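As stored in target_14.txt (compact mmCIF, C-alpha atoms and all ligand atoms):
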# COMPACT_ATOMS: atom_id res chain seq x y z
CA MET A 1 13.42 6.32 -25.55
CA SER A 2 15.40 5.85 -28.72
CA GLU A 3 13.77 5.35 -32.08
CA GLU A 4 14.97 1.79 -32.08
CA VAL A 5 12.68 -0.48 -30.14
CA THR A 6 14.64 -3.12 -28.30
CA ASN A 7 13.57 -6.72 -28.06
CA CYS A 8 15.10 -8.09 -24.88
CA SER A 9 16.26 -11.58 -25.66
CA ASN A 10 18.34 -12.13 -22.49
CA SER A 11 15.54 -11.47 -20.07
CA SER A 12 15.83 -12.42 -16.42
CA ASP A 13 13.17 -14.55 -14.76
CA GLU A 14 11.23 -11.60 -13.45
CA ASP A 15 11.16 -10.04 -16.91
CA LYS A 16 9.45 -13.03 -18.46
CA THR A 17 5.73 -13.03 -18.99
CA GLU A 18 4.49 -15.75 -16.69
CA ALA A 19 0.91 -16.68 -15.97
CA GLY A 20 -0.98 -14.55 -13.48
CA ASN A 21 -2.58 -11.13 -13.12
CA TYR A 22 -0.43 -8.11 -13.74
CA PHE A 23 -2.94 -5.24 -13.67
CA VAL A 24 -4.13 -3.82 -10.41
CA SER A 25 -7.71 -2.87 -11.13
CA ASN A 26 -9.06 -2.35 -7.63
CA TYR A 27 -8.14 -2.29 -3.95
CA PRO A 28 -8.36 -4.15 -1.59
CA PRO A 29 -7.71 -7.17 -3.81
CA PHE A 30 -10.63 -9.38 -4.88
CA ALA A 31 -9.33 -12.28 -2.80
CA PHE A 32 -10.42 -10.37 0.31
CA TRP A 33 -14.03 -9.91 -0.78
CA GLY A 34 -16.46 -12.44 0.69
CA GLU A 35 -19.97 -13.26 1.84
CA ASP A 36 -19.65 -11.75 5.32
CA ASP A 37 -20.19 -8.19 4.14
CA LEU A 38 -23.23 -8.90 1.95
CA THR A 39 -25.49 -7.72 4.77
CA CYS A 40 -23.60 -4.37 4.86
CA LEU A 41 -24.60 -3.80 1.24
CA ASP A 42 -28.23 -4.57 2.05
CA SER A 43 -28.21 -2.17 4.99
CA LEU A 44 -26.64 0.56 2.90
CA LEU A 45 -29.18 0.19 0.10
CA ASN A 46 -32.03 0.33 2.60
CA SER A 47 -30.63 3.25 4.57
CA PRO A 48 -33.13 6.10 4.67
CA GLN A 49 -30.91 8.73 3.00
CA PRO A 50 -29.85 8.56 -0.63
CA GLY A 51 -26.10 8.59 -1.25
CA THR A 52 -24.40 11.85 -2.18
CA ALA A 53 -21.36 10.67 -4.21
CA PRO A 54 -21.69 10.98 -7.99
CA LEU A 55 -23.48 7.90 -9.33
CA GLY A 56 -22.32 5.87 -12.32
CA LEU A 57 -23.84 2.84 -13.96
CA TYR A 58 -21.93 -0.11 -15.34
CA TYR A 59 -23.86 -2.50 -17.61
CA HIS A 60 -22.23 -5.80 -18.49
CA ILE A 61 -22.87 -7.68 -21.73
CA PRO A 62 -21.12 -11.07 -21.54
CA PHE A 63 -21.57 -12.19 -25.17
CA CYS A 64 -18.87 -12.41 -27.85
CA ARG A 65 -18.66 -13.85 -31.36
CA LYS A 66 -15.60 -15.87 -30.43
CA ARG A 67 -13.37 -16.29 -27.38
CA CYS A 68 -9.97 -14.61 -27.77
CA HIS A 69 -7.08 -16.76 -26.58
CA PHE A 70 -5.95 -14.11 -24.10
CA CYS A 71 -9.42 -13.44 -22.72
CA TYR A 72 -9.89 -13.87 -18.98
CA PHE A 73 -13.51 -12.78 -18.75
CA ARG A 74 -16.42 -15.16 -18.52
CA VAL A 75 -17.94 -14.78 -21.99
CA TYR A 76 -20.58 -16.75 -23.85
CA THR A 77 -20.25 -17.37 -27.57
CA ASP A 78 -23.24 -19.67 -28.02
CA LYS A 79 -26.30 -17.66 -26.97
CA ASN A 80 -29.25 -17.13 -29.33
CA SER A 81 -31.59 -14.16 -29.33
CA SER A 82 -34.13 -15.65 -26.92
CA GLN A 83 -31.35 -16.42 -24.43
CA ILE A 84 -30.06 -12.88 -24.81
CA ARG A 85 -33.59 -11.57 -24.21
CA ARG A 86 -33.73 -13.60 -20.98
CA TYR A 87 -30.43 -12.08 -19.86
CA ILE A 88 -31.56 -8.53 -20.63
CA ALA A 89 -34.82 -9.12 -18.73
CA ALA A 90 -32.83 -10.26 -15.68
CA THR A 91 -30.59 -7.17 -15.81
CA MET A 92 -33.60 -4.88 -16.07
CA LYS A 93 -35.15 -6.54 -13.04
CA GLU A 94 -31.89 -5.98 -11.20
CA LEU A 95 -31.69 -2.32 -12.20
CA ARG A 96 -35.34 -1.71 -11.26
CA ARG A 97 -34.74 -3.19 -7.82
CA TYR A 98 -31.74 -0.96 -7.22
CA ALA A 99 -33.57 2.13 -8.45
CA GLU A 100 -36.27 1.60 -5.81
CA LYS A 101 -33.81 1.33 -2.93
CA PRO A 102 -33.62 4.41 -0.68
CA TYR A 103 -29.85 4.76 -1.23
CA ILE A 104 -30.34 5.07 -5.02
CA LYS A 105 -33.86 6.47 -5.32
CA GLY A 106 -34.02 9.84 -7.02
CA ARG A 107 -30.36 9.84 -8.10
CA LEU A 108 -29.39 10.09 -11.74
CA PRO A 109 -26.26 8.56 -13.28
CA LYS A 110 -23.46 10.95 -14.21
CA PHE A 111 -21.85 8.32 -16.39
CA VAL A 112 -22.90 5.06 -18.01
CA TYR A 113 -20.48 2.39 -19.18
CA PHE A 114 -21.34 -0.57 -21.39
CA GLY A 115 -18.61 -3.17 -21.02
CA GLY A 116 -18.17 -6.81 -21.74
CA GLY A 117 -17.84 -9.18 -23.38
CA THR A 118 -18.93 -7.32 -26.46
CA PRO A 119 -21.74 -4.79 -26.02
CA SER A 120 -21.89 -4.35 -29.80
CA TYR A 121 -22.77 -8.06 -30.12
CA LEU A 122 -26.40 -7.13 -29.39
CA SER A 123 -28.63 -6.31 -32.35
CA ALA A 124 -29.78 -2.76 -33.07
CA LYS A 125 -33.27 -3.73 -31.90
CA GLN A 126 -32.02 -5.29 -28.65
CA LEU A 127 -29.90 -2.23 -27.95
CA THR A 128 -32.78 0.15 -28.58
CA GLU A 129 -35.14 -1.75 -26.30
CA LEU A 130 -32.47 -2.17 -23.64
CA THR A 131 -31.47 1.48 -23.46
CA ASP A 132 -35.09 2.71 -23.62
CA GLU A 133 -35.83 0.63 -20.56
CA MET A 134 -32.64 1.67 -18.77
CA LYS A 135 -33.53 5.33 -19.26
CA GLU A 136 -37.07 4.77 -18.07
CA ILE A 137 -35.69 3.25 -14.85
CA LEU A 138 -32.77 5.64 -14.26
CA PRO A 139 -33.02 8.61 -16.66
CA TRP A 140 -29.84 9.84 -18.34
CA ASP A 141 -30.78 13.54 -18.07
CA GLU A 142 -27.60 14.32 -16.08
CA THR A 143 -25.33 11.83 -17.80
CA GLU A 144 -22.08 13.45 -18.91
CA GLU A 145 -20.59 10.44 -20.66
CA VAL A 146 -21.83 7.16 -22.15
CA THR A 147 -19.09 4.72 -23.12
CA PHE A 148 -19.71 1.75 -25.36
CA GLU A 149 -17.13 -0.98 -26.09
CA CYS A 150 -17.25 -2.49 -29.58
CA GLU A 151 -15.72 -5.34 -31.49
CA PRO A 152 -15.24 -3.90 -35.01
CA GLY A 153 -16.64 -6.95 -36.81
CA THR A 154 -20.01 -6.60 -35.10
CA LEU A 155 -20.64 -3.05 -36.31
CA THR A 156 -22.83 -2.08 -39.24
CA GLU A 157 -23.70 1.46 -40.22
CA LYS A 158 -27.25 0.93 -39.00
CA LYS A 159 -26.14 -0.40 -35.62
CA LEU A 160 -23.75 2.51 -35.19
CA GLU A 161 -26.58 4.94 -35.97
CA VAL A 162 -28.60 3.32 -33.21
CA ILE A 163 -25.64 3.46 -30.80
CA LYS A 164 -25.14 7.16 -31.55
CA GLY A 165 -28.89 7.72 -31.33
CA PHE A 166 -29.28 6.43 -27.78
CA GLY A 167 -26.57 8.77 -26.56
CA VAL A 168 -23.13 7.16 -26.68
CA THR A 169 -20.45 9.83 -26.37
CA ARG A 170 -17.39 7.60 -26.37
CA LEU A 171 -17.17 4.70 -28.76
CA SER A 172 -14.30 2.38 -27.95
CA LEU A 173 -13.10 0.09 -30.72
CA GLY A 174 -11.22 -3.02 -29.65
CA ILE A 175 -8.80 -3.13 -32.58
CA GLU A 176 -5.85 -4.62 -30.65
CA ASN A 177 -3.68 -5.11 -33.78
CA PHE A 178 -3.93 -4.40 -37.51
CA ASP A 179 -2.26 -7.57 -38.77
CA ASP A 180 -4.70 -10.30 -39.84
CA HIS A 181 -2.25 -13.09 -39.00
CA VAL A 182 -1.70 -11.74 -35.47
CA LEU A 183 -5.45 -11.21 -35.02
CA GLY A 184 -6.16 -14.76 -36.22
CA ILE A 185 -3.51 -16.51 -34.14
CA ASN A 186 -4.82 -14.72 -31.03
CA GLY A 187 -8.38 -15.87 -31.65
CA ARG A 188 -9.84 -12.45 -32.42
CA ALA A 189 -13.09 -12.56 -34.37
CA HIS A 190 -12.43 -9.47 -36.50
CA ARG A 191 -9.93 -8.69 -39.26
CA SER A 192 -8.35 -5.38 -40.29
CA GLU A 193 -10.79 -4.73 -43.13
CA GLU A 194 -13.62 -4.64 -40.60
CA VAL A 195 -11.63 -2.20 -38.46
CA PHE A 196 -11.31 0.34 -41.25
CA ARG A 197 -14.95 -0.02 -42.27
CA ALA A 198 -16.23 0.35 -38.68
CA TYR A 199 -13.93 3.29 -38.01
CA GLU A 200 -15.12 5.11 -41.12
CA PHE A 201 -18.78 4.59 -40.18
CA ALA A 202 -18.08 5.84 -36.67
CA ARG A 203 -16.35 8.97 -37.95
CA SER A 204 -19.10 9.72 -40.43
CA LEU A 205 -21.59 9.67 -37.55
CA ASP A 206 -19.61 12.23 -35.58
CA PHE A 207 -19.27 10.54 -32.20
CA GLU A 208 -17.88 12.95 -29.62
CA GLN A 209 -14.96 10.63 -28.91
CA VAL A 210 -13.67 7.57 -30.73
CA ASN A 211 -11.12 5.55 -28.81
CA VAL A 212 -9.09 2.68 -30.21
CA ASP A 213 -7.59 -0.11 -28.11
CA LEU A 214 -4.28 -1.77 -28.91
CA ILE A 215 -2.46 -4.59 -27.10
CA ALA A 216 1.33 -4.70 -26.98
CA GLY A 217 2.69 -8.24 -27.01
CA MET A 218 0.06 -10.43 -28.64
CA LEU A 219 1.01 -13.95 -29.72
CA GLU A 220 3.47 -13.81 -32.64
CA GLU A 221 3.75 -10.04 -32.52
CA THR A 222 7.07 -8.70 -33.77
CA GLU A 223 8.69 -5.32 -33.48
CA ASP A 224 7.92 -4.55 -37.14
CA ASN A 225 4.33 -5.56 -36.70
CA TRP A 226 4.01 -3.38 -33.61
CA LYS A 227 5.47 -0.35 -35.37
CA ASP A 228 3.11 -0.93 -38.27
CA SER A 229 0.11 -1.16 -35.95
CA VAL A 230 1.12 2.08 -34.22
CA ARG A 231 1.51 3.81 -37.59
CA LYS A 232 -1.91 2.65 -38.74
CA ALA A 233 -3.52 3.68 -35.45
CA ILE A 234 -2.04 7.18 -35.81
CA GLU A 235 -3.26 7.38 -39.40
CA LEU A 236 -6.80 6.76 -38.17
CA ALA A 237 -6.42 9.87 -35.97
CA PRO A 238 -8.62 8.66 -33.09
CA ASP A 239 -9.47 11.02 -30.25
CA SER A 240 -7.68 8.68 -27.88
CA VAL A 241 -5.77 5.44 -27.89
CA THR A 242 -5.65 2.94 -25.05
CA ILE A 243 -2.72 0.54 -24.99
CA TYR A 244 -2.50 -2.51 -22.76
CA GLN A 245 0.48 -4.74 -22.17
CA MET A 246 -0.47 -8.37 -22.67
CA GLU A 247 -0.93 -10.29 -19.43
CA ILE A 248 -1.75 -14.00 -19.26
CA PRO A 249 -4.11 -14.73 -16.36
CA PHE A 250 -4.72 -18.34 -15.41
CA ASN A 251 -8.16 -18.62 -16.97
CA THR A 252 -6.98 -17.93 -20.54
CA THR A 253 -6.62 -20.37 -23.42
CA ILE A 254 -2.97 -19.34 -23.70
CA TYR A 255 -2.36 -20.45 -20.11
CA ARG A 256 -4.21 -23.75 -20.66
CA ASN A 257 -1.94 -24.46 -23.62
CA MET A 258 1.15 -23.51 -21.56
CA ARG A 259 0.10 -25.93 -18.83
CA GLU A 260 -0.46 -28.76 -21.30
CA GLU A 261 2.98 -28.17 -22.74
CA GLY A 262 4.55 -27.85 -19.28
CA LYS A 263 5.71 -24.26 -19.93
CA LEU A 264 6.05 -21.58 -17.28
CA THR A 265 6.79 -18.70 -19.63
CA ALA A 266 4.06 -17.44 -21.96
CA PRO A 267 4.89 -17.38 -25.67
CA VAL A 268 4.63 -13.59 -25.84
CA ALA A 269 7.13 -10.75 -25.53
CA ASP A 270 8.72 -10.23 -22.10
CA TRP A 271 7.82 -7.25 -19.91
CA PRO A 272 10.75 -4.97 -20.85
CA THR A 273 9.92 -5.49 -24.54
CA LYS A 274 6.25 -4.70 -23.97
CA ARG A 275 7.17 -1.59 -22.01
CA ASN A 276 9.49 -0.51 -24.80
CA TRP A 277 6.74 -1.07 -27.35
CA VAL A 278 4.27 1.04 -25.37
CA ASP A 279 6.96 3.68 -24.91
CA TYR A 280 7.54 3.68 -28.66
CA ALA A 281 3.79 4.03 -29.29
CA PHE A 282 3.46 6.90 -26.80
CA SER A 283 6.45 8.68 -28.38
CA GLU A 284 5.01 8.30 -31.87
CA PHE A 285 1.60 9.54 -30.74
CA GLU A 286 3.27 12.48 -28.99
CA LYS A 287 5.05 13.39 -32.23
CA SER A 288 1.60 13.53 -33.80
CA GLY A 289 0.37 15.97 -31.16
CA TYR A 290 -1.14 13.58 -28.62
CA SER A 291 -0.58 13.81 -24.84
CA VAL A 292 -0.06 10.83 -22.59
CA THR A 293 -2.70 11.12 -19.86
CA SER A 294 -2.34 7.80 -18.05
CA ALA A 295 -0.29 4.62 -18.06
CA TYR A 296 -2.51 3.30 -20.83
CA THR A 297 -3.85 6.34 -22.67
CA ALA A 298 -2.81 9.02 -25.14
CA VAL A 299 -5.29 11.72 -26.07
CA LYS A 300 -5.43 14.06 -29.07
CA ASN A 301 -7.01 16.99 -27.27
CA PRO A 302 -6.90 16.68 -23.46
CA ALA A 303 -8.92 19.89 -23.01
CA LYS A 304 -11.83 18.34 -24.89
CA THR A 305 -11.49 14.62 -24.36
CA LYS A 306 -12.44 13.60 -20.85
CA PHE A 307 -12.65 10.23 -19.14
CA VAL A 308 -15.52 10.85 -16.76
CA TYR A 309 -15.95 7.15 -15.93
CA ARG A 310 -12.31 6.67 -15.03
CA ASP A 311 -11.80 9.94 -13.21
CA ARG A 312 -15.00 9.72 -11.16
CA LEU A 313 -14.43 6.10 -10.27
CA TRP A 314 -10.83 6.68 -9.28
CA ALA A 315 -12.00 9.53 -7.02
CA GLY A 316 -14.46 7.36 -5.09
CA ALA A 317 -17.74 7.70 -7.05
CA ASP A 318 -20.56 5.22 -6.50
CA MET A 319 -20.92 2.73 -9.32
CA LEU A 320 -23.96 0.57 -9.68
CA ALA A 321 -23.06 -2.65 -11.45
CA THR A 322 -25.62 -4.65 -13.38
CA GLY A 323 -25.07 -7.91 -15.19
CA VAL A 324 -23.39 -11.21 -14.56
CA ALA A 325 -20.06 -11.09 -12.70
CA SER A 326 -19.98 -7.29 -12.79
CA PHE A 327 -18.17 -5.24 -10.14
CA GLY A 328 -19.73 -2.31 -8.30
CA HIS A 329 -18.86 0.12 -5.54
CA LEU A 330 -21.50 1.80 -3.38
CA GLY A 331 -20.95 3.89 -0.26
CA GLY A 332 -17.48 2.42 0.30
CA ILE A 333 -18.65 -1.17 -0.24
CA HIS A 334 -17.19 -3.21 -3.08
CA TYR A 335 -19.37 -5.92 -4.52
CA GLN A 336 -19.47 -8.45 -7.33
CA ASN A 337 -22.39 -10.27 -8.91
CA LEU A 338 -22.76 -14.02 -9.33
CA PRO A 339 -20.22 -15.23 -11.87
CA HIS A 340 -22.31 -17.65 -14.00
CA ILE A 341 -25.09 -16.51 -16.26
CA GLU A 342 -27.52 -19.26 -15.20
CA GLN A 343 -27.01 -18.55 -11.48
CA TYR A 344 -27.32 -14.84 -12.07
CA GLN A 345 -30.54 -15.07 -14.09
CA GLU A 346 -32.15 -17.62 -11.76
CA ALA A 347 -31.40 -15.46 -8.72
CA LEU A 348 -33.13 -12.47 -10.27
CA GLU A 349 -36.02 -14.50 -11.65
CA GLU A 350 -36.63 -15.81 -8.13
CA ASP A 351 -36.41 -12.31 -6.67
CA LEU A 352 -33.16 -13.06 -4.87
CA SER A 353 -30.02 -10.95 -4.74
CA ALA A 354 -27.52 -11.48 -7.57
CA VAL A 355 -24.58 -10.26 -5.48
CA SER A 356 -22.12 -12.99 -4.57
CA ARG A 357 -19.42 -11.22 -2.56
CA ALA A 358 -18.72 -7.84 -1.01
CA LEU A 359 -16.23 -5.94 1.06
CA MET A 360 -16.98 -3.08 3.43
CA THR A 361 -13.84 -0.98 3.13
CA THR A 362 -12.30 0.97 5.98
CA GLU A 363 -11.46 4.68 5.69
CA ASP A 364 -7.80 3.74 5.27
CA GLU A 365 -8.60 1.25 2.50
CA ARG A 366 -10.65 3.88 0.70
CA PHE A 367 -7.71 6.28 0.91
CA LEU A 368 -5.32 3.64 -0.42
CA ARG A 369 -7.73 2.63 -3.18
CA GLU A 370 -7.87 6.19 -4.51
CA LEU A 371 -4.13 6.61 -4.16
CA ILE A 372 -3.40 3.36 -6.00
CA LEU A 373 -5.83 4.11 -8.83
CA GLN A 374 -4.69 7.72 -9.20
CA TRP A 375 -1.06 6.64 -9.56
CA LYS A 376 -2.16 5.24 -12.91
CA ILE A 377 -2.73 8.80 -14.14
CA GLY A 378 0.93 9.39 -13.41
CA GLN A 379 0.54 12.09 -10.81
CA VAL A 380 -0.75 12.33 -7.29
CA ASN A 381 -1.94 15.59 -5.80
CA LEU A 382 -0.80 15.71 -2.18
CA ASN A 383 -3.28 18.35 -1.12
CA TYR A 384 -6.22 16.35 -2.47
CA PHE A 385 -5.37 13.46 -0.14
CA ARG A 386 -4.55 15.79 2.74
CA GLU A 387 -7.95 17.46 2.51
CA LYS A 388 -10.04 14.42 1.74
CA PHE A 389 -8.40 11.86 4.03
CA GLY A 390 -6.08 13.83 6.33
CA GLN A 391 -3.15 11.79 5.01
CA GLU A 392 0.41 13.04 4.52
CA ILE A 393 1.55 10.73 1.73
CA GLU A 394 5.18 11.83 1.87
CA THR A 395 5.37 11.03 5.58
CA ARG A 396 3.55 7.73 5.47
CA PHE A 397 5.33 6.39 2.38
CA GLU A 398 8.70 8.12 2.68
CA GLY A 399 10.66 4.89 2.28
CA VAL A 400 8.67 3.72 -0.73
CA LEU A 401 8.87 7.12 -2.42
CA THR A 402 12.61 7.46 -1.85
CA ASN A 403 13.11 4.05 -3.37
CA LEU A 404 11.04 5.05 -6.43
CA GLU A 405 13.12 8.20 -6.79
CA LYS A 406 16.34 6.19 -6.62
CA ARG A 407 15.07 3.96 -9.40
CA GLN A 408 14.22 7.12 -11.37
CA PHE A 409 10.53 6.28 -11.44
CA LEU A 410 9.41 9.32 -9.45
CA GLU A 411 9.85 13.09 -9.37
CA ARG A 412 8.59 15.35 -6.60
CA GLY A 413 6.85 18.64 -7.38
CA GLU A 414 5.68 21.31 -4.97
CA ASP A 415 2.40 19.68 -4.12
CA GLU A 416 2.43 16.67 -6.35
CA LEU A 417 4.29 13.49 -7.04
CA ARG A 418 4.87 12.53 -10.66
CA LEU A 419 5.86 9.24 -12.19
CA THR A 420 8.53 9.41 -14.87
CA ARG A 421 7.75 7.70 -18.18
CA GLN A 422 9.62 4.59 -17.05
CA GLY A 423 7.68 4.59 -13.79
CA LEU A 424 4.39 5.04 -15.61
CA LEU A 425 5.10 2.19 -18.02
CA GLN A 426 5.34 -0.26 -15.11
CA VAL A 427 3.01 1.40 -12.65
CA ASP A 428 1.10 -1.83 -11.95
CA THR A 429 4.25 -3.44 -10.58
CA LEU A 430 4.88 -0.48 -8.24
CA LEU A 431 1.46 -0.28 -6.63
CA HIS A 432 1.77 -3.25 -4.28
CA ASP A 433 4.15 -1.26 -2.08
CA PHE A 434 1.25 1.04 -1.21
CA PHE A 435 -1.01 -1.84 -0.10
CA GLN A 436 -1.61 -2.53 3.59
CA GLU A 437 0.70 -5.28 4.75
CA LYS A 438 -2.05 -7.90 4.98
CA HIS A 439 -2.90 -7.30 1.31
CA GLN A 440 0.64 -7.60 0.02
CA GLY A 441 1.87 -10.73 -1.73
CA GLY A 442 2.24 -11.57 -5.38
CA LYS A 443 -1.02 -13.43 -5.73
CA TYR A 444 -3.20 -10.44 -4.88
CA ALA A 445 -3.37 -8.41 -8.07
S1 LIG B 501 -13.77 -9.66 -27.41
FE1 LIG B 501 -13.00 -9.12 -25.36
S2 LIG B 501 -14.43 -10.06 -23.93
FE2 LIG B 501 -14.79 -11.03 -25.93
S3 LIG B 501 -13.51 -12.85 -25.92
FE3 LIG B 501 -12.26 -11.23 -26.82
S4 LIG B 501 -11.13 -10.30 -25.10
FE4 LIG B 501 -12.81 -11.54 -24.24
Rewrite the structure of this file - the entire thing - as structure tokens.
Amino acid sequence: MSEEVTNCSNSSDEDKTEAGNYFVSNYPPFAFWGEDDLTCLDSLLNSPQPGTAPLGLYYHIPFCRKRCHFCYFRVYTDKNSSQIRRYIAATMKELRRYAEKPYIKGRLPKFVYFGGGTPSYLSAKQLTELTDEMKEILPWDETEEVTFECEPGTLTEKKLEVIKGFGVTRLSLGIENFDDHVLGINGRAHRSEEVFRAYEFARSLDFEQVNVDLIAGMLEETEDNWKDSVRKAIELAPDSVTIYQMEIPFNTTIYRNMREEGKLTAPVADWPTKRNWVDYAFSEFEKSGYSVTSAYTAVKNPAKTKFVYRDRLWAGADMLATGVASFGHLGGIHYQNLPHIEQYQEALEEDLSAVSRALMTTEDERFLRELILQWKIGQVNLNYFREKFGQEIETRFEGVLTNLEKRQFLERGEDELRLTRQGLLQVDTLLHDFFQEKHQGGKYA
């Protein structure tokens, strides 16, 4: 990639950023999950033997100070502390119920992930009480990694001390951009001054890993602004940086505005421009000694900085999900909780299940899920899939792989397949070709 970042003004229709999901975050697609398999999850949880896969815990906090215009999560910006207490009580009831089930009983989480929403929206006191109770239910004695997502404007030194104190190893700061105008026009609650203050506090507390998130292609972002944001991110010297390309799902404010104005194309950079911007960022980080370790991540010291959550999950670990709308995966069964906070809390308060849909995957779907997720790291180890699933990837996908090679997105090694940088930058568009036929089709991201 040349130094000069190109802004593609003559983009074709498929280059334009239109509304819809771009990222492939799981497989089979969510549209295939339903109520029929809820009983499978019940049977699994009540099976007499505990599971043997590594166990992870995802805890969802759906509160934010403000709704970003590109946000597609269900978030609540109007909850007071007693409503938050009610939510936490429901999640603890949920966790306690899981911990007593034979499939979970006696197992300890290897990784814990606090996602949202904005986990750092909770007060220091709420966080202390919450994590004390979580540890009492499922102790963290074997936990290798605790990740905590933060919105910089919600962090004080005292809150960060508490976050460090209860065991967070990776603090992830949702910076997204350093320009106050871009942050404002995209509906972000924080401004750059809060970023620098929060980052300094975090560094002074010596977290094992500080990650910063950036988004390429926010509303009104320009090439100069992007370069400036990359420069400032490098100056912070985080342990890792995660960079997303802006997508505009249907449930975003940006899409609602597009619909009202009768527009099909989102008012953000097109896909080739966003790819070029991420490529530029990766190249700049590489010049500063970082290594690109996935389609979205560059890491300062790959030998030291691990992503236990990602790597375990992408290799088929069990993940217990707690909280409204959260996604879990146990014993080959995908599941998702009720999507509205009231429904979710009422279900738990009435001692009912909070799970709304599930999918019992087949062996072949589990193989494809791992393959699809591991492509995002940029390399696929053929022997791993041969041994674990008895699958010869080069035989089964010969046509797809040859096509990727022709497009210069793929290189073949002795026992591995590697995506080139151009392949990696658009990996999410390439993954659908590995789906089973019944799961293919643009609407199933
Ligand atoms: S901070 Fe994150 S979860 Fe909250 S509104 Fe913004 S994008 Fe959504």
Near A:Leu38, within 9 Å and counting only C-alpha atoms, which residues show up once chain neighbours fewer than 6 positions away are dropped, as a ChimeraX atom specification? /A:335,355-360
Residue contacts of A:Glu350 (12 Å, only C-alpha atoms) excluding same-chain residues fewer than 5 positions away, as a PyMOL selection string: chain A and resi 90+93-94+343-345
Write as a PDB file with C-alpha atoms, in the frame of the given file the residues around ligand LIG 501 (chain B), taking 9 Å as the cut-off and counting only C-alpha atoms and all ligand atoms.
ATOM      1  CA  PRO A  62     -21.120 -11.070 -21.540  1.00  0.00           C
ATOM      2  CA  PHE A  63     -21.570 -12.190 -25.170  1.00  0.00           C
ATOM      3  CA  CYS A  64     -18.870 -12.410 -27.850  1.00  0.00           C
ATOM      4  CA  ARG A  65     -18.660 -13.850 -31.360  1.00  0.00           C
ATOM      5  CA  LYS A  66     -15.600 -15.870 -30.430  1.00  0.00           C
ATOM      6  CA  ARG A  67     -13.370 -16.290 -27.380  1.00  0.00           C
ATOM      7  CA  CYS A  68      -9.970 -14.610 -27.770  1.00  0.00           C
ATOM      8  CA  HIS A  69      -7.080 -16.760 -26.580  1.00  0.00           C
ATOM      9  CA  PHE A  70      -5.950 -14.110 -24.100  1.00  0.00           C
ATOM     10  CA  CYS A  71      -9.420 -13.440 -22.720  1.00  0.00           C
ATOM     11  CA  TYR A  72      -9.890 -13.870 -18.980  1.00  0.00           C
ATOM     12  CA  PHE A  73     -13.510 -12.780 -18.750  1.00  0.00           C
ATOM     13  CA  ARG A  74     -16.420 -15.160 -18.520  1.00  0.00           C
ATOM     14  CA  VAL A  75     -17.940 -14.780 -21.990  1.00  0.00           C
ATOM     15  CA  TYR A  76     -20.580 -16.750 -23.850  1.00  0.00           C
ATOM     16  CA  THR A  77     -20.250 -17.370 -27.570  1.00  0.00           C
ATOM     17  CA  GLY A 115     -18.610  -3.170 -21.020  1.00  0.00           C
ATOM     18  CA  GLY A 116     -18.170  -6.810 -21.740  1.00  0.00           C
ATOM     19  CA  GLY A 117     -17.840  -9.180 -23.380  1.00  0.00           C
ATOM     20  CA  THR A 118     -18.930  -7.320 -26.460  1.00  0.00           C
ATOM     21  CA  CYS A 150     -17.250  -2.490 -29.580  1.00  0.00           C
ATOM     22  CA  GLU A 151     -15.720  -5.340 -31.490  1.00  0.00           C
ATOM     23  CA  GLY A 174     -11.220  -3.020 -29.650  1.00  0.00           C
ATOM     24  CA  GLY A 187      -8.380 -15.870 -31.650  1.00  0.00           C
ATOM     25  CA  ARG A 188      -9.840 -12.450 -32.420  1.00  0.00           C
ATOM     26  CA  ALA A 189     -13.090 -12.560 -34.370  1.00  0.00           C
TER      27      ALA A 189
END
I'd like the contact shell of A:Thr52 - 10 Å cut-off, all atoms listed in the file, skipping same-chain residues fewer than 5 positions apart - returned as a list in words.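 The residues that qualify are Tyr103, Ile104, Arg107, Ala317, Asp318 and Gly331 of chain A.
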Save out the residues we just selected, C-alpha atoms, as a PDB file, in the coordinates of the input.
ATOM      1  CA  TYR A 103     -29.850   4.760  -1.230  1.00  0.00           C
ATOM      2  CA  ILE A 104     -30.340   5.070  -5.020  1.00  0.00           C
ATOM      3  CA  ARG A 107     -30.360   9.840  -8.100  1.00  0.00           C
ATOM      4  CA  ALA A 317     -17.740   7.700  -7.050  1.00  0.00           C
ATOM      5  CA  ASP A 318     -20.560   5.220  -6.500  1.00  0.00           C
ATOM      6  CA  GLY A 331     -20.950   3.890  -0.260  1.00  0.00           C
TER       7      GLY A 331
END
Please measure the separation of atom CA of A:Arg86 and atom CA of A:Asp37, giving the value in Å to one decimal. 29.0 Å
Residue with smallest distance to A:Val24 - pool A:Leu425, A:Leu55, A:Leu417, A:Ile372, counting only C-alpha atoms: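 Ranked by minimum distance to A:Val24, first place goes to A:Ile372.
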Name the closest residue to A:Ala281 among the candidates A:Leu214, A:Thr91, A:Leu320, A:Thr293; distances are taken between atoms, counting all atoms listed in the file. A:Leu214
Quick one: residues within 9 Å of A:Ala269, all atoms listed in the file, excluding same-chain residues fewer than 5 positions away - as a PyMOL selection string? chain A and resi 7-8+16-17+216-222+246+274
For atom CA of A:Gly56 and atom CA of A:Phe148, quote the distance in Å rounded to one decimal.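 Computed distance, atom CA of A:Gly56 to atom CA of A:Phe148, equals 13.9 Å.
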The residues within 12 Å of (-28.4, 0.6, 5.3), using all atoms listed in the file and the coordinates of the file, should be reported as an MDAnalysis selection string; which are they? chainID A and resid 38:51 101:104 330:331 333
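With atom CA of A:Gly441 on one side and atom CA of A:Gly423 on the other, the separation reads 20.3 Å.
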Residues within 9 Å of A:Leu171, only C-alpha atoms, excluding chain neighbours under 4 positions, as a list in words: Val146, Thr147, Phe148, Glu149, Cys150, Ile163, Lys164, Ala202, Phe207, Glu208, Gln209, Val210, Asn211 and Val212 of chain A
